[in-house]
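S.K.: See upload-v2.pdb below, with PDB, C-alpha atoms.
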ATOM      1  CA  MET A  26       5.228 168.179 105.536
ATOM      2  CA  ALA A  27       4.158 167.688 102.092
ATOM      3  CA  LEU A  28       5.155 164.766 100.012
ATOM      4  CA  ARG A  29       7.132 166.939  97.736
ATOM      5  CA  ASP A  30       9.070 168.379 100.640
ATOM      6  CA  LEU A  31       9.651 164.890 101.971
ATOM      7  CA  LEU A  32      10.910 163.726  98.582
ATOM      8  CA  THR A  33      13.138 166.764  98.278
ATOM      9  CA  ALA A  34      14.488 166.200 101.783
ATOM     10  CA  LEU A  35      15.111 162.546 101.005
ATOM     11  CA  GLU A  36      16.713 163.458  97.728
ATOM     12  CA  GLU A  37      18.949 166.000  99.426
ATOM     13  CA  GLU A  38      19.795 163.524 102.154
ATOM     14  CA  GLY A  39      20.553 160.864  99.495
ATOM     15  CA  ALA A  40      22.695 163.350  97.535
ATOM     16  CA  ALA A  41      24.569 164.289 100.728
ATOM     17  CA  GLU A  42      25.108 160.639 101.582
ATOM     18  CA  HIS A  43      26.142 159.956  98.009
ATOM     19  CA  GLU A  44      28.577 162.895  98.147
ATOM     20  CA  LYS A  45      29.864 161.681 101.512
ATOM     21  CA  ALA A  46      30.362 158.154 100.101
ATOM     22  CA  GLN A  47      32.103 159.622  97.028
ATOM     23  CA  GLN A  48      34.440 161.660  99.240
ATOM     24  CA  ASN A  49      35.091 158.575 101.345
ATOM     25  CA  ARG A  50      35.911 156.572  98.185
ATOM     26  CA  ARG A  51      38.163 159.368  96.892
ATOM     27  CA  ARG A  52      39.933 159.448 100.258
ATOM     28  CA  GLN A  53      40.321 155.651 100.176
ATOM     29  CA  ALA A  54      41.532 155.804  96.568
ATOM     30  CA  ALA A  55      43.962 158.583  97.456
ATOM     31  CA  GLN A  56      45.180 156.535 100.440
ATOM     32  CA  ILE A  57      45.554 153.426  98.238
ATOM     33  CA  VAL A  58      47.512 155.481  95.698
ATOM     34  CA  ALA A  59      49.664 157.031  98.455
ATOM     35  CA  ASP A  60      50.288 153.607 100.005
ATOM     36  CA  ALA A  61      51.123 152.169  96.563
ATOM     37  CA  ARG A  62      53.516 155.059  95.881
ATOM     38  CA  GLU A  63      55.136 154.574  99.267
ATOM     39  CA  ARG A  64      55.457 150.815  98.676
ATOM     40  CA  GLY A  65      56.727 151.512  95.175
ATOM     41  CA  ALA A  66      59.304 153.959  96.516
ATOM     42  CA  ARG A  67      60.354 151.414  99.151
ATOM     43  CA  LEU A  68      60.566 148.679  96.523
ATOM     44  CA  GLN A  69      62.536 150.986  94.263
ATOM     45  CA  THR A  70      64.893 151.911  97.121
ATOM     46  CA  ASP A  71      65.249 148.244  98.059
ATOM     47  CA  ALA A  72      65.873 147.314  94.413
ATOM     48  CA  VAL A  73      68.452 150.093  94.015
ATOM     49  CA  THR A  74      70.116 149.112  97.301
ATOM     50  CA  ALA A  75      70.188 145.449  96.250
ATOM     51  CA  ALA A  76      71.500 146.392  92.806
ATOM     52  CA  GLU A  77      74.208 148.581  94.375
ATOM     53  CA  ALA A  78      75.196 145.775  96.741
ATOM     54  CA  ALA A  79      75.297 143.287  93.852
ATOM     55  CA  ALA A  80      77.298 145.758  91.746
ATOM     56  CA  ARG A  81      79.759 146.299  94.616
ATOM     57  CA  GLN A  82      80.062 142.551  95.093
ATOM     58  CA  GLU A  83      80.610 142.061  91.351
ATOM     59  CA  ALA A  84      83.131 144.908  91.282
ATOM     60  CA  GLN A  85      84.964 143.363  94.240
ATOM     61  CA  SER A  86      84.970 139.983  92.493
ATOM     62  CA  LEU A  87      86.269 141.578  89.296
ATOM     63  CA  LEU A  88      88.928 143.476  91.235
ATOM     64  CA  THR A  89      89.985 140.317  93.053
ATOM     65  CA  ALA A  90      90.138 138.411  89.771
ATOM     66  CA  ALA A  91      92.064 141.244  88.112
ATOM     67  CA  ARG A  92      94.561 141.403  90.979
ATOM     68  CA  SER A  93      94.966 137.637  90.877
ATOM     69  CA  GLY A  94      95.443 137.775  87.109
ATOM     70  CA  ALA A  95      97.984 140.563  87.483
ATOM     71  CA  ARG A  96      99.919 138.616  90.129
ATOM     72  CA  ARG A  97      99.820 135.540  87.907
ATOM     73  CA  ALA A  98     101.022 137.613  84.929
ATOM     74  CA  VAL A  99     103.860 139.081  87.012
ATOM     75  CA  ARG A 100     104.858 135.605  88.239
ATOM     76  CA  THR A 101     104.753 134.264  84.701
ATOM     77  CA  ALA A 102     106.790 137.193  83.381
ATOM     78  CA  ARG A 103     109.280 136.808  86.244
ATOM     79  CA  ASP A 104     109.546 133.056  85.667
ATOM     80  CA  ASP A 105     110.027 133.631  81.940
ATOM     81  CA  ALA A 106     112.703 136.247  82.625
ATOM     82  CA  LEU A 107     114.469 133.950  85.103
ATOM     83  CA  GLU A 108     114.368 131.100  82.582
ATOM     84  CA  GLU A 109     115.830 133.452  79.974
ATOM     85  CA  VAL A 110     118.627 134.435  82.363
ATOM     86  CA  LEU A 111     119.305 130.767  83.117
ATOM     87  CA  ASP A 112     119.395 129.919  79.406
ATOM     88  CA  LYS A 113     121.842 132.772  78.744
ATOM     89  CA  VAL A 114     124.105 131.649  81.594
ATOM     90  CA  ARG A 115     124.023 128.074  80.301
ATOM     91  CA  ALA A 116     124.921 129.316  76.811
ATOM     92  CA  GLN A 117     127.809 131.367  78.217
ATOM     93  CA  LEU A 118     129.071 128.371  80.186
ATOM     94  CA  LEU A 119     129.261 126.396  76.944
ATOM     95  CA  THR A 120     131.658 128.992  75.521
ATOM     96  CA  LEU A 121     134.092 128.853  78.452
ATOM     97  CA  PRO A 122     136.122 125.652  77.767
ATOM     98  CA  GLY A 123     139.477 126.566  76.247
ATOM     99  CA  SER A 124     139.131 130.293  77.003
ATOM    100  CA  GLN A 125     141.360 132.022  79.529
ATOM    101  CA  VAL A 126     138.474 132.343  82.010
ATOM    102  CA  GLY A 127     137.343 128.784  81.303
ATOM    103  CA  VAL A 128     140.794 127.295  81.927
ATOM    104  CA  LYS A 129     141.124 129.165  85.241
ATOM    105  CA  ALA A 130     137.656 127.948  86.260
ATOM    106  CA  ALA A 131     138.499 124.374  85.190
ATOM    107  CA  VAL A 132     141.719 124.440  87.245
ATOM    108  CA  ALA A 133     139.736 125.683  90.265
ATOM    109  CA  CYS A 134     137.128 122.929  89.731
ATOM    110  CA  VAL A 135     139.882 120.280  89.509
ATOM    111  CA  ASP A 136     141.569 121.586  92.672
ATOM    112  CA  GLU A 137     138.244 121.498  94.561
ATOM    113  CA  ILE A 138     137.338 118.060  93.297
ATOM    114  CA  LEU A 139     140.717 116.520  94.136
ATOM    115  CA  ALA A 140     140.567 118.066  97.616
ATOM    116  CA  ALA A 141     137.117 116.499  98.107
ATOM    117  CA  LEU A 142     138.075 113.129  96.591
ATOM    118  CA  PRO A 143     141.843 112.836  97.236
ATOM    119  CA  HIS A 144     142.061 109.211  96.060
ATOM    120  CA  ALA A 145     140.561 109.931  92.641
ATOM    121  CA  THR A 146     141.803 107.656  89.902
ATOM    122  CA  THR A 147     140.109 109.281  86.924
ATOM    123  CA  LEU A 148     139.543 112.917  86.106
ATOM    124  CA  ARG A 149     137.158 113.796  83.263
ATOM    125  CA  VAL A 150     137.414 117.244  81.660
ATOM    126  CA  HIS A 151     136.554 119.086  78.463
ATOM    127  CA  PRO A 152     139.069 118.441  75.633
ATOM    128  CA  ALA A 153     139.818 122.185  75.322
ATOM    129  CA  ASP A 154     140.900 122.328  78.980
ATOM    130  CA  ALA A 155     142.780 119.007  79.126
ATOM    131  CA  ALA A 156     146.108 120.331  77.765
ATOM    132  CA  THR A 157     146.407 122.957  80.522
ATOM    133  CA  LEU A 158     145.585 120.657  83.440
ATOM    134  CA  ARG A 159     148.400 118.839  85.218
ATOM    135  CA  PRO A 160     146.850 116.492  87.782
ATOM    136  CA  ASP A 161     148.867 114.031  89.821
ATOM    137  CA  PRO A 162     150.398 111.343  87.540
ATOM    138  CA  SER A 163     148.366 108.659  89.391
ATOM    139  CA  VAL A 164     145.148 110.253  88.116
ATOM    140  CA  ARG A 165     144.117 109.298  84.617
ATOM    141  CA  LEU A 166     142.958 112.350  82.627
ATOM    142  CA  VAL A 167     140.058 111.670  80.230
ATOM    143  CA  ALA A 168     139.105 114.523  77.892
ATOM    144  CA  ASP A 169     135.516 113.567  77.039
ATOM    145  CA  LEU A 170     133.240 116.100  78.742
ATOM    146  CA  GLY A 171     131.072 118.371  76.637
ATOM    147  CA  THR A 172     131.229 121.115  79.228
ATOM    148  CA  GLY A 173     133.740 122.893  81.461
ATOM    149  CA  GLY A 174     134.647 121.811  84.949
ATOM    150  CA  ALA A 175     135.534 118.286  85.977
ATOM    151  CA  ILE A 176     134.238 114.946  87.207
ATOM    152  CA  ALA A 177     136.453 112.830  89.464
ATOM    153  CA  GLU A 178     136.019 109.096  90.097
ATOM    154  CA  ASP A 179     137.851 106.742  92.400
ATOM    155  CA  ASP A 180     138.396 102.983  92.203
ATOM    156  CA  ARG A 181     135.461 102.366  94.619
ATOM    157  CA  GLY A 182     132.934 103.846  92.203
ATOM    158  CA  ARG A 183     132.524 107.128  94.060
ATOM    159  CA  TYR A 184     132.472 110.245  91.980
ATOM    160  CA  ILE A 185     132.048 113.983  92.299
ATOM    161  CA  ASP A 186     130.534 116.086  89.532
ATOM    162  CA  ASN A 187     132.010 119.568  89.642
ATOM    163  CA  THR A 188     131.099 120.608  86.113
ATOM    164  CA  PHE A 189     129.893 124.094  85.287
ATOM    165  CA  PRO A 190     126.275 122.985  84.647
ATOM    166  CA  THR A 191     126.167 121.063  87.940
ATOM    167  CA  ARG A 192     127.597 124.013  89.836
ATOM    168  CA  LEU A 193     125.015 126.268  88.178
ATOM    169  CA  ALA A 194     122.200 123.846  89.061
ATOM    170  CA  ASN A 195     123.376 123.850  92.684
ATOM    171  CA  LEU A 196     123.650 127.654  92.823
ATOM    172  CA  TRP A 197     120.569 128.493  90.769
ATOM    173  CA  PRO A 198     117.895 128.258  93.525
ATOM    174  CA  GLU A 199     119.742 130.834  95.631
ATOM    175  CA  VAL A 200     120.518 133.026  92.619
ATOM    176  CA  ARG A 201     116.887 132.791  91.503
ATOM    177  CA  VAL A 202     115.627 133.945  94.898
ATOM    178  CA  GLY A 203     118.118 136.815  94.943
ATOM    179  CA  LEU A 204     117.157 137.946  91.452
ATOM    180  CA  SER A 205     113.454 137.720  92.246
ATOM    181  CA  ARG A 206     113.883 139.786  95.395
ATOM    182  CA  SER A 207     115.918 142.421  93.619
ATOM    183  CA  TRP A 208     113.281 142.650  90.889
ATOM    184  CA  GLU A 209     110.525 142.977  93.494
ATOM    185  CA  GLN A 210     112.388 145.859  95.137
ATOM    186  CA  ASP A 211     112.805 147.593  91.796
ATOM    187  CA  SER A 212     109.076 147.420  91.009
TER     188      SER A 212
END
What is this file in structure tokens?
M.R.:
Amino acid sequence: MALRDLLTALEEEGAAEHEKAQQNRRRQAAQIVADARERGARLQTDAVTAAEAAARQEAQSLLTAARSGARRAVRTARDDALEEVLDKVRAQLLTLPGSQVGVKAAVACVDEILAALPHATTLRVHPADAATLRPDPSVRLVADLGTGGAIAEDDRGRYIDNTFPTRLANLWPEVRVGLSRSWEQDS
């Protein structure tokens, strides 16, 4: 074989090896790119999944906070409405002394109080109701209350407060619960 043929053969062999190495590098590069794309897709999927989970968690937190805020707002509105009702009832009670309804209620309060404290020595009432009340002559009638109803005292220092505001204060917890329940049923 001539030198030229040997050089040509070596050159061809070198070119083939070079081409084979180039193909191998292209395959490796293509595999690296494919692996990177696959990892990138996985990372993107993981990031999207994590973002969705975080968004769901945040949405749940916001929903929980909103529901809590709404319940708090409803409680506040209900409490405000109940306080308004109580204030209106108190205002109406102040108008009762001396009226036909107020006198009847005062008489009923006096009857109850004297039944509960039969040895009462003093009976305190509103001045507007005093003229219509006729307690036992042994009971001193004092017209100094600023509200309807009556307060009875005996000579031992015992007393019973049966005034309209006291009766309201005693009844209010039950009335409040009943009103709240009725409002809950209506909503």
S.K.: Output the residue selection produced by the PyMOL selection byres ((chain A and resi 187-190) around 7) on the file above, formatted as a compact mmCIF listing (two decimals) with C-alpha atoms, keeping the file's coordinate frame.
M.R.:
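Contents of result-v5.txt, as written:
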# COMPACT_ATOMS: atom_id res chain seq x y z
CA LEU A 118 129.07 128.37 80.19
CA CYS A 134 137.13 122.93 89.73
CA ILE A 138 137.34 118.06 93.30
CA THR A 172 131.23 121.12 79.23
CA GLY A 173 133.74 122.89 81.46
CA GLY A 174 134.65 121.81 84.95
CA ALA A 175 135.53 118.29 85.98
CA ILE A 176 134.24 114.95 87.21
CA ILE A 185 132.05 113.98 92.30
CA ASP A 186 130.53 116.09 89.53
CA THR A 191 126.17 121.06 87.94
CA ARG A 192 127.60 124.01 89.84
CA LEU A 193 125.02 126.27 88.18
CA ALA A 194 122.20 123.85 89.06
S.K.: Once the PyMOL selection byres ((chain A and resi 107-117) around 9) is applied to the coordinates I shared, what remains selected? I want it as a list in words.
M.R.: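 Evaluating the PyMOL selection byres ((chain A and resi 107-117) around 9) on these coordinates yields Ala102, Arg103, Asp104, Asp105, Ala106, Leu118, Leu119, Thr120, Leu121, Phe189, Pro190, Leu193, Trp197, Arg201, Leu204 and Ser205 of chain A.
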S.K.: I need the residue set behind the PyMOL selection byres ((chain A and resi 161-165) around 9) for this file; please write it as a ChimeraX atom specification.
M.R.: /A:144-149,159-160,166-167
S.K.: Write out the residues from the selection above, keeping C-alpha atoms, as a short mmCIF file (atom, residue, chain, number, x, y, z; two decimals), in the frame of the given file.
M.R.:
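Final output, selection05.cif:
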data_model
loop_
_atom_site.label_atom_id
_atom_site.label_comp_id
_atom_site.auth_asym_id
_atom_site.auth_seq_id
_atom_site.Cartn_x
_atom_site.Cartn_y
_atom_site.Cartn_z
CA HIS A 144 142.06 109.21 96.06
CA ALA A 145 140.56 109.93 92.64
CA THR A 146 141.80 107.66 89.90
CA THR A 147 140.11 109.28 86.92
CA LEU A 148 139.54 112.92 86.11
CA ARG A 149 137.16 113.80 83.26
CA ARG A 159 148.40 118.84 85.22
CA PRO A 160 146.85 116.49 87.78
CA LEU A 166 142.96 112.35 82.63
CA VAL A 167 140.06 111.67 80.23
#
S.K.: Do you know which residues lie at most 6 Å from (139.5, 126.8, 72.9), with coordinates as in the file and all atoms listed in the file counted, and could you write them as number ranges by chain?
M.R.: A: 123-124, 153
S.K.: Work out how far apart atom CA of A:Glu37 and atom CA of A:Ala54 are and give it in Å to one decimal.
M.R.: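 Spanning atom CA of A:Glu37 to atom CA of A:Ala54 is a straight-line distance of 24.9 Å.
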